[in-house]
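Colleague: I'd like to ask some things about the structure below.
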Amino acid sequence: MPIAGERSVSESRQAQTLKVAIRGRHFQLDHGESLHVVDTLDFCLSPHSFTCIVGPSGCGKTTTLRMILGLDNQYEGEIGLPEDGSVAAVFQEPRLLPWRTVEQNVRLVLPESRQTESLDELFAELGLSEMRNFYPNQLSLGLARRAALARAFVLQPQLLMLDEPFVSLDDATAQRLRKLLMRLWRNHPTTALMVTHNVEEAALLADRILLFSDRPARIVRTLDIDIPREQREGAVLAELVDNIQA
Amino acid sequence: MPARIKTWSLITLSLALFLSLWAAAALWVNDNTLPSPLDVWQSLRVEWRSGELLMHLSYTLLRVLAAFLVAMTIGSAIGIWLGMKPLADRLIDPWLILLLNIPALVIIVLSYIWFGLNEAAAIGAVALNKIPNVVVTLREGARSLSPDYAELAQVYRFGFLKRLRHVVLPQLQPFFAAATRSGIALIWKIVLIVELLGRSNGVGFQIHLYFQLFDVATILAYTLSFVMVMLLVEYLLLQPLDKHANRWRAVRV
């Protein structure tokens, strides 16, 4: 029987922003059976690193992210979160509140003490300066995802979680947004953990890749990538992808 | 012809047709059981000049307002709670069905017997008649709240008030609008019965008085006056509020 997982502020934060030590996650199905979704997961994230979790569809990647975000507590094990608790997330869908404008959506996550801050620079960085007063239903999916990124980065989080944030976009738009994400991450350093099933996307963005097995998820391989991101194109990228898939 | 002028022309034409049919029927009946529109207008002027109409309309309007606020506040809180807590919903649901099926008249009579012929009993009885409807409407609203937005609020650690104001209430707006519309219409009809049975002022009391005098023209004058007040509330308050709350839907591209 699964027990509620313990979420604590990491005591040994000198080196890690996030410590994950999950011992298992089972889902109880309607007809009494149990589905073993996540097996044992042990990993840590260093400050200002960019880690990608890569694995086949339905292997438990999103479940892992949900456990870290505190949206699923029915796991066995322990998750150590950043000390000041500032965590931001970009979901698979933009999840902008449709009754609030782009700017209102972004400001909503800010504490009262930061409400008067100018967001001009951030909106300019994201190419949203002209759309601050637009409602989400006036935006294309690509622009809505930019707004979701703005909402995450405005918080200056210690930990940023991204759950396949560029899924269901055309290749060109997804590529533009990946570059934008990298620029934002460099300008506003944070520890990032991104879930994706796109190996090339992981190869382009990550410092470290955690390869998940089929369900129940466990880490089958950890790859540290030292190649500078600007060199990850053409043959270098293809070789990197081959190496991940090997 | 601009669409707005066309709409108003049609409304005017429709009202003129209604008044003509009424006048023709009154002429044909030729009896004070069906007074003509002109007779009703005369009665209305007499009551207005004496100050009676304004005073009784005000009493009724205040009772409608008080009962509406009590019913909406209590009904919304219970409805949202039941929509979010399935166990509480299963426990309270039979009470709700019971209340929904008790006739308004019974609640009013019992309220007057138990709490006396006073204002609190009158307003409480009206509110109690409306609360189950509000609960049912808002419960459906709370059941349809998006878990995605709830997760967003949890991840970004919204406090209770921020979550309520920016996440929960905007999703419930159509349900509030439905409860308000049906609520006001139902409440004012029940207020008349409450006034007829146990108050010494208000439109219901006056209708009872003129019923005893068999003065149909004045009964209609009071009725139509209050309908006019409710129309003003609808067009000057409810519809602009509704439009404001739904402004984000109008701009869809």
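Residues in the structure tokens are numbered from 1 in each chain, the chains being A, B, ... in the order shown, and ligands are numbered from 1 in the order shown.
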Using only C-alpha atoms, which chain A residues lie at most 6 Å away from chain B, written as an MDAnalysis selection string?
Modeller: chainID A and resid 99 137:138
Colleague: List the spatial neighbours of Val191 of chain B as a PyMOL selection string - criterion: any atom at most 8 Å away, only C-alpha atoms, same-chain residues fewer than 4 positions off excluded.
Modeller: chain B and resi 60+63-64+122-123+126+187+195+204
Colleague: Between atom CA of Val229 of chain B and atom CA of Leu192 of chain B, what is the distance, to one decimal in Å?
Modeller: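 So the answer is 14.4 Å.
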Colleague: Write down as a ChimeraX atom specification the residues belonging to chain A that are assigned alpha helix (DSSP H) by DSSP computed on the backbone.
Modeller: /A:61-69,102-107,120-125,141-153,171-187,199-205,234-245
Colleague: Restricting the output to C-alpha atoms, write the selected residues as a compact mmCIF listing (two decimals), in the first residue's frame.
Modeller:
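This is the output file out-v3.txt:
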# COMPACT_ATOMS: atom_id res chain seq x y z
CA LYS A 61 7.80 11.00 -16.50
CA THR A 62 4.87 13.33 -15.84
CA THR A 63 3.97 11.40 -12.67
CA THR A 64 7.51 12.01 -11.42
CA LEU A 65 7.19 15.72 -12.16
CA ARG A 66 3.81 15.86 -10.40
CA MET A 67 5.30 14.21 -7.31
CA ILE A 68 8.10 16.78 -7.21
CA LEU A 69 5.60 19.61 -7.67
CA VAL A 102 -1.43 38.15 -20.40
CA GLU A 103 0.04 40.69 -17.97
CA GLN A 104 -2.49 39.85 -15.25
CA ASN A 105 -1.67 36.15 -15.68
CA VAL A 106 2.02 36.85 -15.24
CA ARG A 107 1.61 39.25 -12.30
CA ASP A 120 8.80 45.68 -19.59
CA GLU A 121 12.14 43.90 -19.96
CA LEU A 122 10.72 40.42 -19.46
CA PHE A 123 7.89 40.98 -21.94
CA ALA A 124 10.38 42.41 -24.45
CA GLU A 125 12.63 39.37 -24.02
CA LEU A 141 -0.52 28.40 -29.04
CA GLY A 142 3.09 29.52 -29.52
CA LEU A 143 2.40 32.92 -27.97
CA ALA A 144 0.42 31.36 -25.14
CA ARG A 145 3.41 29.16 -24.35
CA ARG A 146 5.63 32.25 -24.30
CA ALA A 147 3.24 33.78 -21.76
CA ALA A 148 3.47 30.58 -19.69
CA LEU A 149 7.28 30.88 -19.78
CA ALA A 150 7.01 34.54 -18.72
CA ARG A 151 4.84 33.52 -15.77
CA ALA A 152 7.41 30.94 -14.69
CA PHE A 153 10.50 33.14 -15.08
CA ASP A 171 8.80 22.22 -35.72
CA ALA A 172 9.77 25.80 -36.57
CA THR A 173 7.83 27.31 -33.65
CA ALA A 174 9.11 24.66 -31.24
CA GLN A 175 12.67 25.34 -32.35
CA ARG A 176 12.23 29.10 -31.84
CA LEU A 177 10.82 28.51 -28.38
CA ARG A 178 13.69 26.18 -27.42
CA LYS A 179 16.16 28.93 -28.32
CA LEU A 180 14.06 31.42 -26.39
CA LEU A 181 14.01 29.11 -23.36
CA MET A 182 17.80 28.81 -23.48
CA ARG A 183 18.20 32.59 -23.68
CA LEU A 184 15.86 33.09 -20.74
CA TRP A 185 17.58 30.39 -18.70
CA ARG A 186 20.97 32.03 -19.29
CA ASN A 187 19.68 35.50 -18.45
CA VAL A 199 15.52 13.00 -27.69
CA GLU A 200 16.77 15.77 -29.99
CA GLU A 201 15.17 18.41 -27.78
CA ALA A 202 16.93 16.94 -24.74
CA ALA A 203 20.24 16.79 -26.62
CA LEU A 204 19.91 20.47 -27.55
CA LEU A 205 19.02 21.78 -24.11
CA GLY A 234 24.49 19.09 -37.52
CA ALA A 235 26.76 16.08 -37.13
CA VAL A 236 27.56 16.85 -33.47
CA LEU A 237 23.88 16.86 -32.57
CA ALA A 238 23.22 13.71 -34.62
CA GLU A 239 26.03 11.90 -32.83
CA LEU A 240 24.71 13.07 -29.47
CA VAL A 241 21.23 11.80 -30.32
CA ASP A 242 22.68 8.46 -31.45
CA ASN A 243 24.60 8.23 -28.21
CA ILE A 244 21.45 8.86 -26.15
CA GLN A 245 19.47 6.30 -28.12
Colleague: Tell me, in Å to one decimal, how far atom CA of Lys130 of chain B is from atom CA of Ile74 of chain B.
Modeller: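 Calculated distance between atom CA of Lys130 of chain B and atom CA of Ile74 of chain B is 10.1 Å.
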Colleague: Could you name the residues that touch Ile53 of chain A at 8 Å or less, counting only C-alpha atoms, but leaving out those on the same chain fewer than 5 positions away, as a list in words?
Modeller: Lys61, Leu193, Met194, Val195, Thr196, Ala202, Ile209, Leu210, Leu211 and Phe212 of chain A
Colleague: Give me the residues within 10 Å of segment 16-32 of chain B as a PyMOL selection string, counting only C-alpha atoms and dropping any in the same chain fewer than 5 places off.
Modeller: chain B and resi 10-11+37-39+214-217
Colleague: Write out, as a PDB file, in the first residue's frame, the residues just selected, with C-alpha atoms.
Modeller:
ATOM      1  CA  LEU B  10     -39.836  45.437 -32.751  1.00  0.00           C
ATOM      2  CA  ILE B  11     -40.123  45.735 -28.948  1.00  0.00           C
ATOM      3  CA  PRO B  37     -54.879  49.725 -19.803  1.00  0.00           C
ATOM      4  CA  LEU B  38     -56.110  53.310 -19.362  1.00  0.00           C
ATOM      5  CA  ASP B  39     -57.953  52.392 -16.113  1.00  0.00           C
ATOM      6  CA  PHE B 214     -62.286  43.850  -5.744  1.00  0.00           C
ATOM      7  CA  ASP B 215     -60.225  46.658  -7.332  1.00  0.00           C
ATOM      8  CA  VAL B 216     -58.520  44.824 -10.205  1.00  0.00           C
ATOM      9  CA  ALA B 217     -57.153  48.044 -11.772  1.00  0.00           C
TER      10      ALA B 217
END
Colleague: Using atom CA of Glu83 of chain A and atom CA of Thr17 of chain A as the two end points, give the distance in Å to one decimal.
Modeller: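 Atom-to-atom, atom CA of Glu83 of chain A to atom CA of Thr17 of chain A, that is 8.2 Å.
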Colleague: Between A:Asp214, A:Asp170, A:Glu78, A:Glu230, which is the closest to His36 of chain A once you count only C-alpha atoms?
Modeller: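 Distance minimum relative to His36 of chain A lands on A:Asp214.
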Colleague: Which is closer to Pro165 of chain A than all the others in A:Arg114, A:Arg232, A:Lys19, A:His197, using only C-alpha atoms?
Modeller: A:His197
